[in-house]
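Peer 1: Structure: my_file25.tsv, TSV, C-alpha atoms (C1' of nucleotides).
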```
chain	number	residue	atom	x	y	z
S	4	MET	CA	-186.64	62.08	52.14
S	5	SER	CA	-186.41	65.21	49.97
S	6	ASN	CA	-187.85	68.64	50.48
S	7	HIS	CA	-188.24	69.03	46.73
S	8	ALA	CA	-191.49	69.35	44.84
S	9	ASP	CA	-193.63	66.35	44.06
S	10	ALA	CA	-191.72	64.52	41.33
S	11	GLY	CA	-195.03	63.64	39.66
S	12	THR	CA	-195.90	67.23	38.87
S	13	VAL	CA	-194.49	70.04	36.73
S	14	PRO	CA	-195.65	73.64	36.97
S	15	THR	CA	-197.27	74.50	33.65
S	16	GLY	CA	-195.07	77.51	33.04
S	17	LEU	CA	-191.94	75.45	33.50
S	18	LEU	CA	-193.16	72.69	31.22
S	19	ASP	CA	-194.10	75.18	28.53
S	20	ASN	CA	-190.78	76.99	28.74
S	21	LEU	CA	-188.80	73.77	28.64
S	22	VAL	CA	-190.68	72.56	25.59
S	23	LEU	CA	-190.47	75.92	23.84
S	24	THR	CA	-186.77	76.23	24.57
S	25	SER	CA	-186.18	72.72	23.31
S	26	PHE	CA	-188.01	73.30	20.06
S	27	THR	CA	-186.14	76.56	19.62
S	28	VAL	CA	-182.74	74.96	20.16
S	29	ILE	CA	-183.56	71.92	18.02
S	30	ALA	CA	-184.82	74.20	15.25
S	31	LEU	CA	-181.49	76.05	15.38
S	32	LEU	CA	-179.60	72.79	15.12
S	33	SER	CA	-181.81	71.59	12.27
S	34	ARG	CA	-181.33	74.83	10.42
S	35	THR	CA	-177.58	74.60	10.79
S	36	ALA	CA	-177.64	71.01	9.61
S	37	ALA	CA	-179.84	71.88	6.64
S	38	GLU	CA	-177.42	74.63	5.59
S	39	HIS	CA	-174.86	71.90	5.14
S	40	ASP	CA	-177.30	69.50	3.47
S	41	MET	CA	-177.48	67.36	6.55
S	42	SER	CA	-180.26	66.06	8.74
S	43	LEU	CA	-180.41	66.60	12.48
S	44	THR	CA	-179.44	62.96	12.89
S	45	GLN	CA	-176.36	63.43	10.76
S	46	LEU	CA	-175.41	66.45	12.83
S	47	ARG	CA	-175.79	64.41	16.01
S	48	MET	CA	-173.72	61.65	14.48
S	49	LEU	CA	-170.97	64.12	13.64
S	50	ALA	CA	-171.04	65.41	17.22
S	51	VAL	CA	-170.88	61.90	18.65
S	52	LEU	CA	-167.96	60.95	16.42
S	53	ARG	CA	-165.94	64.03	17.34
S	54	ASP	CA	-164.60	62.29	20.40
S	55	ARG	CA	-165.41	58.62	19.81
S	56	THR	CA	-164.73	55.84	17.32
S	57	PRO	CA	-167.55	53.46	18.10
S	58	ALA	CA	-168.63	50.25	16.45
S	59	MET	CA	-171.88	50.42	14.54
S	60	ALA	CA	-173.96	48.98	17.37
S	61	ASP	CA	-172.47	51.43	19.87
S	62	LEU	CA	-173.18	54.32	17.55
S	63	ALA	CA	-176.76	53.11	17.23
S	64	GLY	CA	-176.93	53.13	21.01
S	65	PHE	CA	-175.64	56.71	21.23
S	66	LEU	CA	-178.13	57.89	18.65
S	67	GLY	CA	-181.04	55.82	19.89
S	68	LEU	CA	-181.48	54.15	16.50
S	69	GLU	CA	-181.64	50.59	15.23
S	70	ARG	CA	-178.51	49.13	13.74
S	71	SER	CA	-180.17	48.93	10.35
S	72	SER	CA	-180.89	52.65	10.40
S	73	VAL	CA	-177.30	53.47	11.19
S	74	SER	CA	-176.03	51.41	8.28
S	75	GLY	CA	-177.77	53.68	5.80
S	76	LEU	CA	-176.81	56.79	7.75
S	77	ILE	CA	-173.13	55.88	7.64
S	78	ASP	CA	-173.41	54.79	4.00
S	79	ARG	CA	-174.59	58.24	3.00
S	80	ALA	CA	-172.09	60.06	5.20
S	81	ALA	CA	-169.26	57.88	3.86
S	82	ARG	CA	-170.38	58.58	0.29
S	83	ARG	CA	-169.90	62.25	1.12
S	84	GLY	CA	-166.49	61.58	2.56
S	85	LEU	CA	-167.38	62.61	6.11
S	86	VAL	CA	-166.86	59.28	7.85
S	87	GLN	CA	-165.08	56.02	7.25
S	88	ARG	CA	-165.46	52.43	8.33
S	89	VAL	CA	-162.27	50.83	9.58
S	90	ALA	CA	-162.23	47.08	10.08
S	91	SER	CA	-161.65	46.10	13.67
S	92	SER	CA	-158.37	44.28	14.20
S	93	ASP	CA	-159.58	41.96	16.92
S	94	ASP	CA	-163.08	41.19	15.61
S	95	GLY	CA	-163.56	40.38	11.96
S	96	ARG	CA	-167.23	41.29	12.02
S	97	SER	CA	-166.89	44.68	13.64
S	98	VAL	CA	-166.04	48.08	12.19
S	99	GLN	CA	-164.90	51.28	13.87
S	100	VAL	CA	-166.66	54.34	12.53
S	101	SER	CA	-164.59	57.49	12.52
S	102	LEU	CA	-164.63	60.99	11.07
S	103	THR	CA	-162.43	61.75	8.11
S	104	GLU	CA	-160.42	64.96	7.88
S	105	ASP	CA	-163.34	66.54	6.08
S	106	GLY	CA	-165.69	65.21	8.71
S	107	HIS	CA	-163.67	66.78	11.51
S	108	ARG	CA	-163.49	70.06	9.66
S	109	LEU	CA	-167.25	70.12	9.07
S	110	ALA	CA	-168.01	69.10	12.66
S	111	ALA	CA	-165.90	71.95	13.99
S	112	GLN	CA	-167.46	74.43	11.62
S	113	VAL	CA	-170.97	73.34	12.49
S	114	ALA	CA	-170.21	73.54	16.21
S	115	GLY	CA	-169.10	77.13	15.72
S	116	GLU	CA	-172.20	78.01	13.76
S	117	VAL	CA	-174.45	76.50	16.40
S	118	ALA	CA	-172.71	78.52	19.09
S	119	GLY	CA	-173.25	81.62	16.97
S	120	LEU	CA	-176.95	80.93	16.66
S	121	VAL	CA	-177.49	80.15	20.34
S	122	ALA	CA	-175.57	83.24	21.45
S	123	PRO	CA	-178.38	85.70	20.70
S	124	LEU	CA	-180.65	83.66	22.97
S	125	THR	CA	-178.30	83.40	25.90
S	126	GLY	CA	-177.26	86.98	25.29
S	127	ALA	CA	-180.61	88.03	26.73
S	128	LEU	CA	-179.26	86.93	30.11
S	129	SER	CA	-176.62	88.58	32.22
S	130	PRO	CA	-173.45	86.59	32.93
S	131	ALA	CA	-174.75	85.84	36.43
S	132	GLU	CA	-178.03	84.60	35.01
S	133	GLN	CA	-176.18	82.50	32.48
S	134	SER	CA	-174.25	80.85	35.28
S	135	ARG	CA	-177.41	80.17	37.23
S	136	LEU	CA	-179.11	78.72	34.17
S	137	THR	CA	-176.14	76.47	33.49
S	138	LEU	CA	-176.26	75.19	37.06
S	139	LEU	CA	-180.02	74.65	37.06
S	140	LEU	CA	-179.96	72.74	33.78
S	141	GLY	CA	-176.99	70.74	34.98
S	142	LYS	CA	-178.79	69.80	38.14
S	143	MET	CA	-181.85	68.79	36.16
S	144	LEU	CA	-179.81	66.66	33.78
S	145	GLY	CA	-178.47	64.84	36.82
X	22	MET	CA	-176.38	99.86	26.04
X	23	SER	CA	-176.64	96.61	27.94
X	24	ASN	CA	-174.47	95.26	30.70
X	25	HIS	CA	-175.12	91.74	29.47
X	26	ALA	CA	-172.56	89.36	28.07
X	27	ASP	CA	-171.32	89.61	24.51
X	28	ALA	CA	-174.24	88.39	22.42
X	29	GLY	CA	-171.81	86.71	20.05
X	30	THR	CA	-170.56	84.24	22.62
X	31	VAL	CA	-172.02	81.38	24.68
X	32	PRO	CA	-170.17	79.78	27.58
X	33	THR	CA	-169.48	76.18	26.59
X	34	GLY	CA	-171.17	74.73	29.65
X	35	LEU	CA	-174.35	76.63	28.96
X	36	LEU	CA	-174.39	75.63	25.31
X	37	ASP	CA	-173.85	71.99	26.20
X	38	ASN	CA	-176.56	72.01	28.84
X	39	LEU	CA	-179.04	73.72	26.57
X	40	VAL	CA	-178.42	71.22	23.79
X	41	LEU	CA	-178.50	68.24	26.13
X	42	THR	CA	-181.69	69.44	27.77
X	43	SER	CA	-183.27	70.02	24.39
X	44	PHE	CA	-182.42	66.56	23.12
X	45	THR	CA	-183.69	65.07	26.36
X	46	VAL	CA	-187.01	66.89	26.17
X	47	ILE	CA	-187.44	66.23	22.47
X	48	ALA	CA	-186.67	62.54	23.02
X	49	LEU	CA	-189.39	62.48	25.67
X	50	LEU	CA	-191.84	64.06	23.27
X	51	SER	CA	-190.86	61.68	20.48
X	52	ARG	CA	-191.25	58.70	22.75
X	53	THR	CA	-194.69	59.85	23.81
X	54	ALA	CA	-195.66	60.42	20.20
X	55	ALA	CA	-194.35	57.01	19.17
X	56	GLU	CA	-196.40	55.33	21.89
X	57	HIS	CA	-199.44	56.65	20.07
X	58	ASP	CA	-198.09	55.80	16.61
X	59	MET	CA	-197.40	59.41	15.88
X	60	SER	CA	-194.39	61.37	14.77
X	61	LEU	CA	-193.01	64.36	16.63
X	62	THR	CA	-194.46	66.55	13.91
X	63	GLN	CA	-197.90	65.08	14.41
X	64	LEU	CA	-197.61	65.70	18.12
X	65	ARG	CA	-196.66	69.31	17.47
X	66	MET	CA	-199.57	69.63	15.08
X	67	LEU	CA	-201.94	68.32	17.74
X	68	ALA	CA	-200.55	70.84	20.22
X	69	VAL	CA	-200.90	73.70	17.76
X	70	LEU	CA	-204.49	72.75	16.94
X	71	ARG	CA	-205.54	72.55	20.58
X	72	ASP	CA	-206.17	76.27	20.64
X	73	ARG	CA	-206.27	77.25	17.00
X	74	THR	CA	-208.18	76.48	13.81
X	75	PRO	CA	-205.74	77.68	11.18
X	76	ALA	CA	-205.82	77.50	7.43
X	77	MET	CA	-203.32	75.12	5.87
X	78	ALA	CA	-200.78	77.84	5.11
X	79	ASP	CA	-200.96	79.21	8.64
X	80	LEU	CA	-200.47	75.74	10.06
X	81	ALA	CA	-197.45	75.31	7.82
X	82	GLY	CA	-196.14	78.55	9.26
X	83	PHE	CA	-196.62	77.39	12.83
X	84	LEU	CA	-194.87	74.12	12.13
X	85	GLY	CA	-192.14	75.57	9.94
X	86	LEU	CA	-193.07	73.29	7.04
X	87	GLU	CA	-193.97	73.77	3.41
X	88	ARG	CA	-197.64	73.76	2.51
X	89	SER	CA	-197.18	70.60	0.52
X	90	SER	CA	-195.76	68.79	3.55
X	91	VAL	CA	-198.73	69.81	5.64
X	92	SER	CA	-201.17	68.45	3.07
X	93	GLY	CA	-199.86	64.93	3.60
X	94	LEU	CA	-199.60	65.40	7.33
X	95	ILE	CA	-203.24	66.42	7.58
X	96	ASP	CA	-204.26	63.68	5.12
X	97	ARG	CA	-202.83	61.03	7.40
X	98	ALA	CA	-204.18	62.59	10.58
X	99	ALA	CA	-207.63	62.95	9.01
X	100	ARG	CA	-207.53	59.32	7.89
X	101	ARG	CA	-207.05	58.47	11.56
X	102	GLY	CA	-209.93	60.67	12.55
X	103	LEU	CA	-207.85	63.14	14.55
X	104	VAL	CA	-208.42	66.25	12.48
X	105	GLN	CA	-210.88	67.55	9.93
X	106	ARG	CA	-210.85	70.05	7.12
X	107	VAL	CA	-213.75	72.48	7.16
X	108	ALA	CA	-214.32	74.62	4.09
X	109	SER	CA	-213.95	78.30	4.81
X	110	SER	CA	-217.19	80.23	4.39
X	111	ASP	CA	-215.64	83.42	3.06
X	112	ASP	CA	-212.91	81.94	0.84
X	113	GLY	CA	-213.75	79.03	-1.41
X	114	ARG	CA	-210.12	77.94	-1.68
X	115	SER	CA	-209.32	77.90	2.01
X	116	VAL	CA	-209.95	75.27	4.66
X	117	GLN	CA	-209.90	75.51	8.42
X	118	VAL	CA	-208.08	72.62	10.05
X	119	SER	CA	-209.46	71.57	13.43
X	120	LEU	CA	-209.22	68.73	15.89
X	121	THR	CA	-212.04	66.22	16.05
X	122	GLU	CA	-213.38	64.96	19.36
X	123	ASP	CA	-210.90	62.10	19.18
X	124	GLY	CA	-208.14	64.54	18.33
X	125	HIS	CA	-208.90	66.65	21.39
X	126	ARG	CA	-209.02	63.60	23.59
X	127	LEU	CA	-205.69	62.34	22.29
X	128	ALA	CA	-204.08	65.78	22.56
X	129	ALA	CA	-205.13	66.06	26.19
X	130	GLN	CA	-203.92	62.58	26.98
X	131	VAL	CA	-200.58	63.15	25.31
X	132	ALA	CA	-200.14	66.45	27.15
X	133	GLY	CA	-200.66	64.63	30.41
X	134	GLU	CA	-198.20	61.94	29.53
X	135	VAL	CA	-195.58	64.49	28.56
X	136	ALA	CA	-196.03	66.26	31.87
X	137	GLY	CA	-195.56	62.93	33.62
X	138	LEU	CA	-192.33	62.27	31.77
X	139	VAL	CA	-190.89	65.73	32.35
X	140	ALA	CA	-191.77	65.70	36.04
X	141	PRO	CA	-188.88	63.42	37.07
X	142	LEU	CA	-186.48	65.89	35.47
X	143	THR	CA	-187.85	69.02	37.06
X	144	GLY	CA	-188.33	67.08	40.29
X	145	ALA	CA	-184.57	67.27	40.75
X	146	LEU	CA	-185.05	70.96	41.47
X	147	SER	CA	-186.60	72.58	44.53
X	148	PRO	CA	-189.72	74.69	43.98
X	149	ALA	CA	-187.60	77.82	44.28
X	150	GLU	CA	-185.19	76.52	41.67
X	151	GLN	CA	-188.06	75.58	39.41
X	152	SER	CA	-189.35	79.15	39.62
X	153	ARG	CA	-185.93	80.55	38.84
X	154	LEU	CA	-185.53	78.21	35.88
X	155	THR	CA	-188.95	79.18	34.55
X	156	LEU	CA	-188.02	82.85	34.73
X	157	LEU	CA	-184.60	82.38	33.16
X	158	LEU	CA	-185.98	80.36	30.25
X	159	GLY	CA	-188.79	82.85	29.83
X	160	LYS	CA	-186.33	85.73	29.68
X	161	MET	CA	-184.23	83.84	27.14
X	162	LEU	CA	-187.25	83.10	24.96
X	163	GLY	CA	-187.89	86.81	24.89
J	21	DA	C1'	-216.71	93.09	-18.06
J	22	DT	C1'	-212.99	90.36	-19.22
J	23	DT	C1'	-208.49	89.01	-18.95
J	24	DA	C1'	-204.32	88.50	-16.10
J	25	DT	C1'	-202.27	87.59	-11.86
J	26	DT	C1'	-201.97	86.08	-7.37
J	27	DT	C1'	-203.23	82.95	-3.70
J	28	DA	C1'	-204.83	78.41	-1.31
J	29	DG	C1'	-204.30	73.78	-1.48
J	30	DA	C1'	-203.53	69.41	-3.63
J	31	DT	C1'	-200.80	66.19	-6.33
J	32	DG	C1'	-196.75	63.79	-8.18
J	33	DG	C1'	-191.99	62.68	-8.10
J	34	DT	C1'	-187.80	62.21	-5.37
J	35	DA	C1'	-184.61	61.48	-1.46
J	36	DA	C1'	-183.79	60.69	3.29
J	37	DT	C1'	-185.19	58.55	7.53
J	38	DA	C1'	-186.27	54.72	10.33
J	39	DC	C1'	-188.22	50.38	11.27
J	40	DG	C1'	-188.53	45.19	11.32
J	41	DA	C1'	-187.33	40.83	9.26
J	42	DA	C1'	-184.28	38.07	6.96
J	43	DC	C1'	-179.51	37.29	5.64
J	44	DT	C1'	-174.09	36.61	5.76
J	45	DA	C1'	-170.05	35.96	8.08
J	46	DA	C1'	-167.34	35.79	12.15
J	47	DA	C1'	-166.93	34.50	16.94
J	48	DT	C1'	-168.45	31.68	20.99
J	49	DT	C1'	-170.24	28.01	23.22
J	50	DA	C1'	-171.62	23.35	23.68
H	23	DT	C1'	-167.08	19.90	15.22
H	24	DA	C1'	-171.73	21.47	15.39
H	25	DA	C1'	-174.92	24.87	17.33
H	26	DT	C1'	-175.62	29.37	18.77
H	27	DT	C1'	-174.85	34.05	19.34
H	28	DT	C1'	-173.20	38.47	17.68
H	29	DA	C1'	-171.97	42.37	14.15
H	30	DG	C1'	-173.38	44.38	10.46
H	31	DT	C1'	-175.83	44.61	5.97
H	32	DT	C1'	-179.66	44.21	2.87
H	33	DC	C1'	-184.52	44.36	1.62
H	34	DG	C1'	-189.20	45.91	1.76
H	35	DT	C1'	-192.29	49.33	3.71
H	36	DA	C1'	-194.19	53.70	5.61
H	37	DT	C1'	-193.44	58.36	6.85
H	38	DT	C1'	-191.55	62.73	6.27
H	39	DA	C1'	-190.46	66.67	3.69
H	40	DC	C1'	-189.00	68.95	-0.27
H	41	DC	C1'	-189.75	71.09	-5.01
H	42	DA	C1'	-192.26	71.73	-9.11
H	43	DT	C1'	-196.46	71.62	-11.12
H	44	DC	C1'	-201.45	71.83	-11.27
H	45	DT	C1'	-206.45	73.35	-10.32
H	46	DA	C1'	-209.67	76.44	-8.72
H	47	DA	C1'	-210.93	80.57	-6.47
H	48	DA	C1'	-210.12	85.41	-5.56
H	49	DT	C1'	-208.14	89.86	-6.76
H	50	DA	C1'	-206.15	93.21	-9.90
H	51	DA	C1'	-205.49	95.36	-14.26
H	52	DT	C1'	-207.09	96.81	-18.57
```
Kindly present the structure from the file in structure tokens form.
Peer 2:
Amino acid sequence: MSNHADAGTVPTGLLDNLVLTSFTVIALLSRTAAEHDMSLTQLRMLAVLRDRTPAMADLAGFLGLERSSVSGLIDRAARRGLVQRVASSDDGRSVQVSLTEDGHRLAAQVAGEVAGLVAPLTGALSPAEQSRLTLLLGKMLG
Amino acid sequence: MSNHADAGTVPTGLLDNLVLTSFTVIALLSRTAAEHDMSLTQLRMLAVLRDRTPAMADLAGFLGLERSSVSGLIDRAARRGLVQRVASSDDGRSVQVSLTEDGHRLAAQVAGEVAGLVAPLTGALSPAEQSRLTLLLGKMLG
DNA sequence: ATTATTTAGATGGTAATACGAACTAAATTA
DNA sequence: TAATTTAGTTCGTATTACCATCTAAATAAT
């Protein structure tokens, strides 16, 4: 048994702040993506591919999309030279999706820009508060 | 002068947790919206209209969209009977957008469902931690 | 007063997003 | 060897969101 709050209830202030924070952060990410003529989904895809080389179905799983949606997504990104499809050696049907040089460069740049945009927010907190927030969010994420 | 951290920098762990939390919350909201055949934008619109009756341009401002995008959004929502356009009395060009009865009902229901989905997350924290998180997010939101 | 300009929204055209269903080809299983 | 499953693509559709353009109303300038 836990001495935590009823898991079926959220204090209104906490719910509001979580939702507001989320919209704020997502808006920042969207803005960054838009500045590079990308969608939020493309930005997520770039982030996912920074340290993975998944097959199409796995990528769909990471992004929470249908396989058919990912086909078009990768088509467009490949047309821009950001990603490439490499045929799998052991399975003739499968492809490994990976970032190109340009893709890696863009992903790194975008990551830096996002950090720059989030900094003013977190900058409102002292280092100690930042640490506490990191821990609390981490605990919540499980 | 402030004794806070350099506003140009975010600790990696904090950035990651903020982004992960945001995607988690937004995914929850999207899922809830989808269960009612709505988009995230429509859900946001419903939330905005719960305590406002803005003109189209103001609504566009709230949602961060162009006026033309909002026209279609409201068209579709009105076709479903969720919102209505009421001609402004003092300005013949302007309309006030408002929720219908059905819109209010749906907005309330959706709000409840969102709370139910967020609860398991926040339930990982003790009441004291929930309070601290609320305060930290509030401070960050300014 | 009358014309000119600005403002509020709507409309039309375009591209991206995302889905489901149907399809092809390769790999497994029977 | 035939039947089935799996990986990915293609096709058709609806939504989303943009920009540019348009209409009508309101405000400003002459």
Peer 1: Between atom CA of S:Ser97 and atom CA of S:Phe65, what distance in Å does the model show, to one decimal?
Peer 2: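 We find that atom CA of S:Ser97 and atom CA of S:Phe65 lie 16.7 Å from each other.
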Peer 1: State, in Å with one decimal place, the distance from atom CA of S:Ala81 to atom CA of S:Gly95.
Peer 2: 20.1 Å
Peer 1: Write out as a list in words the residues lying within 12 Å of H:DT35, counting only C-alpha atoms (C1' of nucleotides) and excluding same-chain residues fewer than 6 positions away.
Peer 2: DA38, DC39, DG40 and DA41 of chain J
Peer 1: Calculated over all atoms listed in the file, which of the candidates H:DT32, H:DA48, H:DA42, H:DT23 has the smallest distance to chain X?
Peer 2: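 Of H:DT32, H:DA48, H:DA42, H:DT23, the one nearest chain X, counting all atoms listed in the file, is H:DA48.
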Peer 1: Which residues of chain J have any atom within 9 Å of an atom in stretch 27-31 of chain H when counting only C-alpha atoms (C1' of nucleotides), and what is the closest pair of atoms for each, with the distance in Å to one decimal? Order the rows by chain and rising number and write it as JSON lines.
Peer 2:
```
{"residue": "J:DC43", "atom": "C1'", "partner": "H:DT31", "partner_atom": "C1'", "distance": 8.2}
{"residue": "J:DT44", "atom": "C1'", "partner": "H:DT31", "partner_atom": "C1'", "distance": 8.2}
{"residue": "J:DA46", "atom": "C1'", "partner": "H:DA29", "partner_atom": "C1'", "distance": 8.3}
{"residue": "J:DA47", "atom": "C1'", "partner": "H:DT28", "partner_atom": "C1'", "distance": 7.5}
{"residue": "J:DT48", "atom": "C1'", "partner": "H:DT27", "partner_atom": "C1'", "distance": 7.0}
{"residue": "J:DT49", "atom": "C1'", "partner": "H:DT27", "partner_atom": "C1'", "distance": 8.5}
```
Peer 1: Could you add the missing atoms to stretch 57-72 of chain S, up to N, CA and C atoms, and return them as a PDB file, in the frame of the given file?
Peer 2:
```pdb
ATOM      1  N   PRO S  57    -166.778  54.608  17.647  1.00  0.00           N
ATOM      2  CA  PRO S  57    -167.550  53.460  18.100  1.00  0.00           C
ATOM      3  C   PRO S  57    -167.776  52.431  16.990  1.00  0.00           C
ATOM      4  N   ALA S  58    -168.115  51.238  17.391  1.00  0.00           N
ATOM      5  CA  ALA S  58    -168.630  50.250  16.450  1.00  0.00           C
ATOM      6  C   ALA S  58    -170.058  50.639  16.081  1.00  0.00           C
ATOM      7  N   MET S  59    -170.551  50.056  15.027  1.00  0.00           N
ATOM      8  CA  MET S  59    -171.880  50.420  14.540  1.00  0.00           C
ATOM      9  C   MET S  59    -172.947  50.296  15.623  1.00  0.00           C
ATOM     10  N   ALA S  60    -172.929  49.197  16.347  1.00  0.00           N
ATOM     11  CA  ALA S  60    -173.960  48.980  17.370  1.00  0.00           C
ATOM     12  C   ALA S  60    -173.864  50.025  18.470  1.00  0.00           C
ATOM     13  N   ASP S  61    -172.638  50.411  18.839  1.00  0.00           N
ATOM     14  CA  ASP S  61    -172.470  51.430  19.870  1.00  0.00           C
ATOM     15  C   ASP S  61    -173.003  52.771  19.382  1.00  0.00           C
ATOM     16  N   LEU S  62    -172.698  53.072  18.135  1.00  0.00           N
ATOM     17  CA  LEU S  62    -173.180  54.320  17.550  1.00  0.00           C
ATOM     18  C   LEU S  62    -174.703  54.337  17.556  1.00  0.00           C
ATOM     19  N   ALA S  63    -175.294  53.210  17.187  1.00  0.00           N
ATOM     20  CA  ALA S  63    -176.760  53.110  17.230  1.00  0.00           C
ATOM     21  C   ALA S  63    -177.259  53.391  18.638  1.00  0.00           C
ATOM     22  N   GLY S  64    -176.546  52.871  19.627  1.00  0.00           N
ATOM     23  CA  GLY S  64    -176.930  53.130  21.010  1.00  0.00           C
ATOM     24  C   GLY S  64    -176.869  54.613  21.341  1.00  0.00           C
ATOM     25  N   PHE S  65    -175.772  55.272  20.975  1.00  0.00           N
ATOM     26  CA  PHE S  65    -175.640  56.710  21.230  1.00  0.00           C
ATOM     27  C   PHE S  65    -176.777  57.494  20.603  1.00  0.00           C
ATOM     28  N   LEU S  66    -177.140  57.112  19.393  1.00  0.00           N
ATOM     29  CA  LEU S  66    -178.130  57.890  18.650  1.00  0.00           C
ATOM     30  C   LEU S  66    -179.555  57.436  18.932  1.00  0.00           C
ATOM     31  N   GLY S  67    -179.696  56.329  19.627  1.00  0.00           N
ATOM     32  CA  GLY S  67    -181.040  55.820  19.890  1.00  0.00           C
ATOM     33  C   GLY S  67    -181.721  55.277  18.653  1.00  0.00           C
ATOM     34  N   LEU S  68    -180.934  54.697  17.752  1.00  0.00           N
ATOM     35  CA  LEU S  68    -181.480  54.150  16.500  1.00  0.00           C
ATOM     36  C   LEU S  68    -181.232  52.660  16.423  1.00  0.00           C
ATOM     37  N   GLU S  69    -181.921  52.005  15.514  1.00  0.00           N
ATOM     38  CA  GLU S  69    -181.640  50.590  15.230  1.00  0.00           C
ATOM     39  C   GLU S  69    -180.361  50.501  14.409  1.00  0.00           C
ATOM     40  N   ARG S  70    -179.734  49.334  14.507  1.00  0.00           N
ATOM     41  CA  ARG S  70    -178.510  49.130  13.740  1.00  0.00           C
ATOM     42  C   ARG S  70    -178.754  49.323  12.244  1.00  0.00           C
ATOM     43  N   SER S  71    -179.883  48.841  11.793  1.00  0.00           N
ATOM     44  CA  SER S  71    -180.170  48.930  10.350  1.00  0.00           C
ATOM     45  C   SER S  71    -180.267  50.380   9.905  1.00  0.00           C
ATOM     46  N   SER S  72    -180.783  51.238  10.760  1.00  0.00           N
ATOM     47  CA  SER S  72    -180.890  52.650  10.400  1.00  0.00           C
ATOM     48  C   SER S  72    -179.521  53.287  10.285  1.00  0.00           C
TER      49      SER S  72
END
```
